[in-house]
Every structure is written in C-alpha cells, then in structure tokens.
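Novice: This structure is in structure tokens; I'll ask about it shortly.
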Amino acid sequence: MSDRLATRLTRRYGLALPVVLAPMALAAGGALAAACARGGALGLVGGGYGDLDWTRREYTLARQLAGHAALGCGFITWKLDQDASALVWLLDRPADQLPRALMLSFGDPRPYAARIARAGVDLICQVQQLAQLPQAIEAGATVVVAQGAEAGGHGMNALNGRATLSFVPEVADWLAAQAPDTLLLAAGGIADGRTLAAALMLGADGALVGSRLWATRESLAAEGAKRQAIGTDGDGTARSSIFDILRRKNWPEPYDFRAIRNDLHRRLEPQLDSLRAHPEAARAEYEAAVAAGDYSAAHATVGEAVGLINDAPAAQAVLQRMADQARERLG
Ligand SMILES: Cc1cc2nc3c(=O)[nH]c(=O)nc-3n(C[C@H](O)[C@H](O)[C@H](O)COP(=O)(O)O)c2cc1C
C-alpha cells in the first residue's frame with residue numbers, strides 16, 4: 001500500500017513526512033533543525049534578522065548533527081535588504097554543505113532569486129495574500145508557503161491577513177492554473193496529525209510547522225515561555241504591534257505579530273498610539289521582565305495552535321505523533 005503521507009514535497013527532499021520546520025528566529029537553532037531533519041522533516045534554521053555570527057554557528061551545528069538529512073535556512077526579507085551577509089555566507093558553502101532550500105518571508109524575494117538559483121539552492125517563499133503570488137513565481141520559488149493569520153510570530157495584520165482554511169485551497173487553485181510545478185505548504189495552526197491531514201486535503205504538498213516544534217526540548221525558546229504556552233489555550237494569543245514596539249523592531253506595514261496575550265499586552269492594548277509615541281516606560285518594564293524570565297510581561301511567541309500543545313518533548317517524538325495520527329486520519 002502506498003504511503004498516505006508521500007507527496008511531491010517528501011519526494012523532492014527525501015522526507016519521511018510532509019513537514020518543514022519553520023525557520024523561527026532565535027528558536028529554530030541548529031539542534032532543532034537537525035532533530036527535525038533526522039526525524040524525517042526538512043529542517044530550516046531560523047536565520048531571522050540575518051545575524052551572521054548566529055547563522056554561521058547554528059547552521060554549522062545543524063550540519064554536524066544532521067548528517068546527510070535535509071537542511072535549509074530562512075530569513076526575513078526586508079532585513080536582508082539592510083544586510084545580506086548571512087545569506088551570502090550560506091551560498092558560499094562548499095557544495096556538500098549548501099542548504100537544500102532557503103526560505104524568504106516578509107518582503108520582495110526577487111532581488112535575491114538569481115544568487116540563490118546560481119548556487120543550485122531551492123527558494124521557498126512565504127506569502128500571506130494571493131496578490132504576493134506572482135512575485136514569488138517570478139522569483140522562481142520551488143515552494144510557496146501560504147501562511148494564515150493563525151500563525152505564531154509575524155504575519156499580516158487583521159486588515160490584510162487570511163485564514164489558513166480558505167487561503168490554502170485558493171492558493172492551490174491559483175498554482176494549479178498558473179504554476180503547476182510549484183509546491184505548496186500550508187502554515188498557521190498545524191500542530192497535530194489532524195491539522196496535517198487537513199492541510200493535505202486542502203491541496204497542500206505539506207505543512208510548515210512553527211509553534212508545535214517551538215515547544216520541544218531542542219528549541220532555543222526559554223523554558224519559562226514553553227511552560228506558559230503549555231498552560232495556555234488557543235483563546236490566549238493575539239496579533240498586534242505591541243511586542244515589536246517594545247523590542248525596537250521596526251517592522252514595516254502591514255505586518256504584525258502573534259504571541260501570548262499576557263498581562264502587559266492586555267494593559268497596553270487600549271493605548272497603542274501613546275505607546276508608539278512614548279514607549280520608554282513600557283520598554284523598561286518589558287526589558288526587566290525579560291531579564292527576570294517573567295512571562296506576565298515578557299513575550300512567548302506562539303500561534304493559535306498553542307491550544308493543541310500540552311507538552312515539550314523531543315522534536316522527533318512530535319513528528320512521529322503527527323505522522324501516525326495523520327496516517328490514521330487519512331485512512
Ligand atoms: C517563535 C516563532 C518565530 C518565527 N520566526 C519566523 C521567522 O524568523 N521567519 C519566518 O519566515 N517566519 C517566522 N515565523 C512564522 C513561521 O514561519 C510560520 O509561518 C508559523 O510558525 C506557522 O504557524 P504555526 O506557528 O501555527 O505553526 C515564526 C513563528 C514562530 C512561532
């Protein structure tokens with residue numbers, strides 16, 4: 001009997017299940033990327049804001065731990081526009097150490113497309129709206145990720161964001177008509193075998209999984225943040241710019257950020273304009289909480305899928321559970 005989880009994605013990257021680890025900035029380090037790769041997924045290191053030292057260290061670690069398993073890296077595109085040295089370093093690796101894929105999100109991927117293609121590395125583009133698809137195809141994306149607003153971390157704000165359930169099949173239809181060889185991943189809310197099976201039913205070739213793999217032993221997320229996530233249900237997150245303002249991250253419109261809606265977030269919600277104008281006092285409170293590991297004010301970055309997260313085991317155990325449950329459901 002053929003494997004119900006075999007897709008174009010698993011065949012292209014030699015995976016055991018159609019899952020890609022989201023390149024989560026500062027959480028998806030070398031240990032997590034390698035654990036996912038060894039567990040049969042494509043492991044993307046979270047190159048995030050493009051820090052060269054961090055990327056070099058974590059990608060090198062991933063390579064050492066992963067053997068020949070499939071690895072890649074992801075970057076925030078608008079930040080690369082200021083400093084692309086980490087991307088350049090990756091593309092300069094010897095052939096046997098090159099990433100299989102580079103993922104670009106949140107900005108125009110086209111200025112980087114030719115360099116990535118010349119190195120023989122696949123380009124993965126994450127999009128949040130149909131209007132971004134022509135750009136991704138023009139950039140030569142091998143894989144497009146359709147990210148719903150349920151997702152943890154950055155994505156489109158409430159005025160522009162789409163929900164995974166209707167966005168993924170609409171993107172699948174668009175790709176079938178315009179770029180049928182391009183693979184599609186669903187992202188946002190996929191955290192167990194049911195949601196993985198649903199992603200395949202919606203027409204995706206696999207899922208990009210962030211929050212569920214953030215809450216694992218190998219993730220670099222703080223233990224206190226993981227504990228808070230385990231105790232939080234899916235009602236307990238929100239999207240806003242609050243934590244970006246507190247962290248001095250100058251994210252461009254129309255992006256904002258989903259994390260646990262903690263006490264400080266709730267308190268600042270009614271005063272967003274004055275927070276923007278005078279962030280100093282709230283920043284001091286936030287920074288003290290980060291230093292103290294106090295998650296009533298420090299942020300924990302997870303999406304609505306946090307309601308499906310009840311533990312933080314080894315990444316390989318999470319992947320095995322997802323695969324077993326998805327196979328059962330698809331049967
Ligand atoms: C902790 C965290 C950090 C993230 N950092 C990035 C990032 O640096 N670059 C990026 O493209 N996406 C990032 N994302 C978003 C993921 O790529 C992905 O869209 C999302 O995790 C999918 O939804 P899920 O969290 O429900 O699985 C992050 C997500 C999380 C949870």
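Labels for the structure tokens follow display order: chains A, B, ..., residues from 1 in each chain, ligands from 1.
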Can you tell me which residues sit at most 8 Å away from ligand 1, counting only C-alpha atoms and all ligand atoms, written as an MDAnalysis selection string?

Specialist: chainID A and resid 22:28 46:49 74:76 103:106 126 145 147:148 150:155 187:191 208:214 221 259 300:306

Novice: Per DSSP on the backbone, what are the strand (DSSP E) residues of segment 117-319 of chain A, as a VMD selection string?

Specialist: chain A and resid 122 to 127 143 to 147 153 to 156 183 to 187 206 to 209 237 to 240 255 to 260

Novice: Write a file of the just-selected residues containing N, CA and C atoms, as an mmCIF file, in the first residue's frame.

Specialist:
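Wrote part-v8.cif, looks like this:
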data_model
loop_
_atom_site.group_PDB
_atom_site.id
_atom_site.type_symbol
_atom_site.label_atom_id
_atom_site.label_comp_id
_atom_site.auth_asym_id
_atom_site.auth_seq_id
_atom_site.Cartn_x
_atom_site.Cartn_y
_atom_site.Cartn_z
ATOM 1 N N ASP A 122 17.169 25.595 -3.640
ATOM 2 C CA ASP A 122 15.741 25.885 -3.852
ATOM 3 C C ASP A 122 15.338 27.128 -3.072
ATOM 4 N N LEU A 123 14.411 27.889 -3.659
ATOM 5 C CA LEU A 123 13.844 29.061 -2.976
ATOM 6 C C LEU A 123 12.433 28.722 -2.481
ATOM 7 N N ILE A 124 12.200 28.998 -1.208
ATOM 8 C CA ILE A 124 10.860 28.854 -0.619
ATOM 9 C C ILE A 124 10.383 30.262 -0.275
ATOM 10 N N CYS A 125 9.195 30.640 -0.747
ATOM 11 C CA CYS A 125 8.661 31.978 -0.456
ATOM 12 C C CYS A 125 7.393 31.847 0.369
ATOM 13 N N GLN A 126 7.364 32.544 1.506
ATOM 14 C CA GLN A 126 6.142 32.534 2.326
ATOM 15 C C GLN A 126 5.295 33.752 1.966
ATOM 16 N N VAL A 127 4.009 33.514 1.686
ATOM 17 C CA VAL A 127 3.101 34.608 1.322
ATOM 18 C C VAL A 127 1.876 34.583 2.236
ATOM 19 N N VAL A 143 8.958 26.305 -3.861
ATOM 20 C CA VAL A 143 7.900 26.042 -2.880
ATOM 21 C C VAL A 143 7.303 27.377 -2.454
ATOM 22 N N VAL A 144 5.969 27.431 -2.390
ATOM 23 C CA VAL A 144 5.282 28.591 -1.829
ATOM 24 C C VAL A 144 4.628 28.156 -0.524
ATOM 25 N N VAL A 145 4.766 28.983 0.498
ATOM 26 C CA VAL A 145 4.095 28.723 1.775
ATOM 27 C C VAL A 145 2.928 29.698 1.894
ATOM 28 N N ALA A 146 1.723 29.166 2.084
ATOM 29 C CA ALA A 146 0.548 30.012 2.302
ATOM 30 C C ALA A 146 0.333 30.108 3.809
ATOM 31 N N GLN A 147 0.621 31.296 4.353
ATOM 32 C CA GLN A 147 0.577 31.473 5.807
ATOM 33 C C GLN A 147 -0.731 32.137 6.222
ATOM 34 N N GLY A 153 4.126 34.253 15.619
ATOM 35 C CA GLY A 153 5.149 35.155 15.100
ATOM 36 C C GLY A 153 4.557 36.151 14.121
ATOM 37 N N HIS A 154 5.381 36.598 13.171
ATOM 38 C CA HIS A 154 4.928 37.644 12.257
ATOM 39 C C HIS A 154 4.044 37.114 11.140
ATOM 40 N N GLY A 155 3.184 37.986 10.667
ATOM 41 C CA GLY A 155 2.285 37.685 9.560
ATOM 42 C C GLY A 155 1.533 38.957 9.252
ATOM 43 N N MET A 156 0.508 38.838 8.400
ATOM 44 C CA MET A 156 -0.282 40.016 8.043
ATOM 45 C C MET A 156 -1.185 40.425 9.196
ATOM 46 N N LEU A 183 5.466 23.747 -5.594
ATOM 47 C CA LEU A 183 4.922 23.027 -4.436
ATOM 48 C C LEU A 183 4.285 24.016 -3.471
ATOM 49 N N LEU A 184 3.328 23.514 -2.684
ATOM 50 C CA LEU A 184 2.592 24.385 -1.753
ATOM 51 C C LEU A 184 2.637 23.805 -0.337
ATOM 52 N N LEU A 185 2.993 24.664 0.611
ATOM 53 C CA LEU A 185 2.905 24.302 2.031
ATOM 54 C C LEU A 185 1.844 25.165 2.697
ATOM 55 N N ALA A 186 1.124 24.563 3.634
ATOM 56 C CA ALA A 186 0.185 25.313 4.463
ATOM 57 C C ALA A 186 0.896 25.679 5.756
ATOM 58 N N ALA A 187 0.634 26.890 6.263
ATOM 59 C CA ALA A 187 1.231 27.316 7.538
ATOM 60 C C ALA A 187 0.201 28.083 8.344
ATOM 61 N N GLY A 206 2.301 19.751 1.837
ATOM 62 C CA GLY A 206 2.857 19.552 3.173
ATOM 63 C C GLY A 206 2.566 20.763 4.032
ATOM 64 N N ALA A 207 3.176 20.782 5.208
ATOM 65 C CA ALA A 207 2.920 21.870 6.159
ATOM 66 C C ALA A 207 4.231 22.455 6.649
ATOM 67 N N LEU A 208 4.212 23.757 6.858
ATOM 68 C CA LEU A 208 5.306 24.441 7.551
ATOM 69 C C LEU A 208 4.847 24.587 9.002
ATOM 70 N N VAL A 209 5.599 23.991 9.924
ATOM 71 C CA VAL A 209 5.153 23.924 11.316
ATOM 72 C C VAL A 209 6.077 24.758 12.195
ATOM 73 N N THR A 237 -3.929 33.900 22.568
ATOM 74 C CA THR A 237 -2.927 34.654 21.802
ATOM 75 C C THR A 237 -3.622 35.828 21.108
ATOM 76 N N ALA A 238 -2.824 36.771 20.648
ATOM 77 C CA ALA A 238 -3.386 37.905 19.900
ATOM 78 C C ALA A 238 -2.329 38.444 18.950
ATOM 79 N N ARG A 239 -2.792 39.105 17.892
ATOM 80 C CA ARG A 239 -1.894 39.796 16.952
ATOM 81 C C ARG A 239 -1.882 41.273 17.295
ATOM 82 N N SER A 240 -0.716 41.879 17.252
ATOM 83 C CA SER A 240 -0.605 43.330 17.401
ATOM 84 C C SER A 240 0.842 43.732 17.123
ATOM 85 N N TYR A 255 2.620 44.193 8.399
ATOM 86 C CA TYR A 255 2.903 43.022 9.229
ATOM 87 C C TYR A 255 2.731 43.345 10.705
ATOM 88 N N ASP A 256 2.241 42.370 11.451
ATOM 89 C CA ASP A 256 2.321 42.446 12.915
ATOM 90 C C ASP A 256 2.606 41.051 13.467
ATOM 91 N N PHE A 257 2.329 40.803 14.716
ATOM 92 C CA PHE A 257 2.994 39.708 15.423
ATOM 93 C C PHE A 257 2.006 39.004 16.347
ATOM 94 N N ARG A 258 1.949 37.656 16.270
ATOM 95 C CA ARG A 258 1.082 36.915 17.193
ATOM 96 C C ARG A 258 1.927 36.258 18.280
ATOM 97 N N ALA A 259 1.504 36.470 19.515
ATOM 98 C CA ALA A 259 2.178 35.871 20.676
ATOM 99 C C ALA A 259 1.124 35.702 21.774
ATOM 100 N N ILE A 260 1.537 35.162 22.904
ATOM 101 C CA ILE A 260 0.586 35.015 24.020
ATOM 102 C C ILE A 260 0.183 36.406 24.511
#

Novice: Find the residues near segment 12-20 of chain A: any atom within 8 Å, counting only C-alpha atoms, skip ones fewer than 3 places away on the same chain, and give them as a tab-separated table (two decimals) with N, CA and C atoms, in the first residue's frame.

Specialist:
chain	number	residue	atom	x	y	z
A	5	LEU	N	1.27	9.64	3.33
A	5	LEU	CA	1.96	10.92	3.58
A	5	LEU	C	3.02	11.22	2.52
A	6	ALA	N	3.11	10.38	1.48
A	6	ALA	CA	4.07	10.66	0.40
A	6	ALA	C	3.47	11.74	-0.51
A	7	THR	N	4.22	12.82	-0.71
A	7	THR	CA	3.76	13.93	-1.55
A	7	THR	C	4.92	14.38	-2.43
A	8	ARG	N	4.67	15.38	-3.25
A	8	ARG	CA	5.77	15.94	-4.06
A	8	ARG	C	6.87	16.48	-3.16
A	9	LEU	N	6.48	16.98	-1.96
A	9	LEU	CA	7.49	17.53	-1.04
A	9	LEU	C	8.40	16.43	-0.50
A	39	GLY	N	14.43	13.46	12.09
A	39	GLY	CA	13.09	12.90	12.28
A	39	GLY	C	12.28	12.82	10.99
A	40	GLY	N	12.91	13.16	9.87
A	40	GLY	CA	12.24	12.95	8.58
A	40	GLY	C	11.60	14.17	7.98
A	41	ALA	N	11.76	15.35	8.63
A	41	ALA	CA	11.21	16.59	8.07
A	41	ALA	C	12.36	17.38	7.43
A	42	LEU	N	12.02	18.47	6.74
A	42	LEU	CA	13.05	19.39	6.26
A	42	LEU	C	13.29	20.40	7.38
A	43	GLY	N	14.53	20.51	7.85
A	43	GLY	CA	14.83	21.37	9.00
A	43	GLY	C	15.38	22.71	8.54
A	44	LEU	N	14.64	23.79	8.79
A	44	LEU	CA	15.13	25.12	8.41
A	44	LEU	C	15.62	25.87	9.65
A	70	ALA	N	18.03	16.49	5.29
A	70	ALA	CA	17.74	17.73	4.54
A	70	ALA	C	17.64	18.95	5.44
A	100	ARG	N	19.68	22.83	1.30
A	100	ARG	CA	18.81	22.34	0.21
A	100	ARG	C	17.86	23.46	-0.22
A	205	ASP	N	1.07	20.34	-0.43
A	205	ASP	CA	2.00	19.21	-0.51
A	205	ASP	C	2.63	18.92	0.85
A	206	GLY	N	2.30	19.75	1.84
A	206	GLY	CA	2.86	19.55	3.17
A	206	GLY	C	2.57	20.76	4.03
A	207	ALA	N	3.18	20.78	5.21
A	207	ALA	CA	2.92	21.87	6.16
A	207	ALA	C	4.23	22.45	6.65
A	208	LEU	N	4.21	23.76	6.86
A	208	LEU	CA	5.31	24.44	7.55
A	208	LEU	C	4.85	24.59	9.00
A	209	VAL	N	5.60	23.99	9.92
A	209	VAL	CA	5.15	23.92	11.32
A	209	VAL	C	6.08	24.76	12.20
A	323	ALA	N	2.83	12.21	12.31
A	323	ALA	CA	2.77	11.30	11.17
A	323	ALA	C	1.80	10.16	11.45

Novice: In Å, rounded to a single decimal, give me how far atom CA of Thr10 of chain A is from atom CA of Ala199 of chain A.

Specialist: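 Taking atom CA of Ala199 of chain A and atom CA of Thr10 of chain A, their separation equals 14.5 Å.
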
Novice: Which neighbours of segment 52-59 of chain A fall inside 7 Å, counting only C-alpha atoms, when residues of the same chain fewer than 5 positions from it are skipped, and could you give them as a PyMOL selection string?

Specialist: chain A and resi 29-30+45+47+85-86

Novice: Could you tell me how far atom CA of Glu253 of chain A sits from atom CA of Arg283 of chain A, in Å to one decimal place?

Specialist: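 Interatomic distance here is 21.1 Å.
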
Novice: Looking only at the backbone, which of the residues in segment 185-307 of chain A does DSSP tag as alpha helix (DSSP H), as number ranges by chain?

Specialist: A: 193-201, 211-214, 223-230, 242-246, 263-268, 272-277, 280-292

Novice: Find the residues around Ala119 of chain A up to 10 Å (only C-alpha atoms counted), leave out those fewer than 4 positions away in its own chain, and share them as a list in words.

Specialist: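 Contacts, in chain order: Leu90, Leu91, Asp92, Arg93, Pro94, Ala95, Leu98, Pro99, Ala114 and Arg115 of chain A.
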
Novice: Contacts of Leu308 of chain A at 8 Å or less, counting only C-alpha atoms, minus same-chain residues fewer than 4 places along, as a list in words?

Specialist: Ala191, Asp192, Asp233 and Gly234 of chain A

Novice: Set the distance at 7 Å and use only C-alpha atoms: which residues neighbour Arg194 of chain A once local chain neighbours fewer than 2 positions away are removed? I'd like the list as JSON, numbers by chain.

Specialist: {"A": [192, 196, 197, 198, 325, 326, 329]}
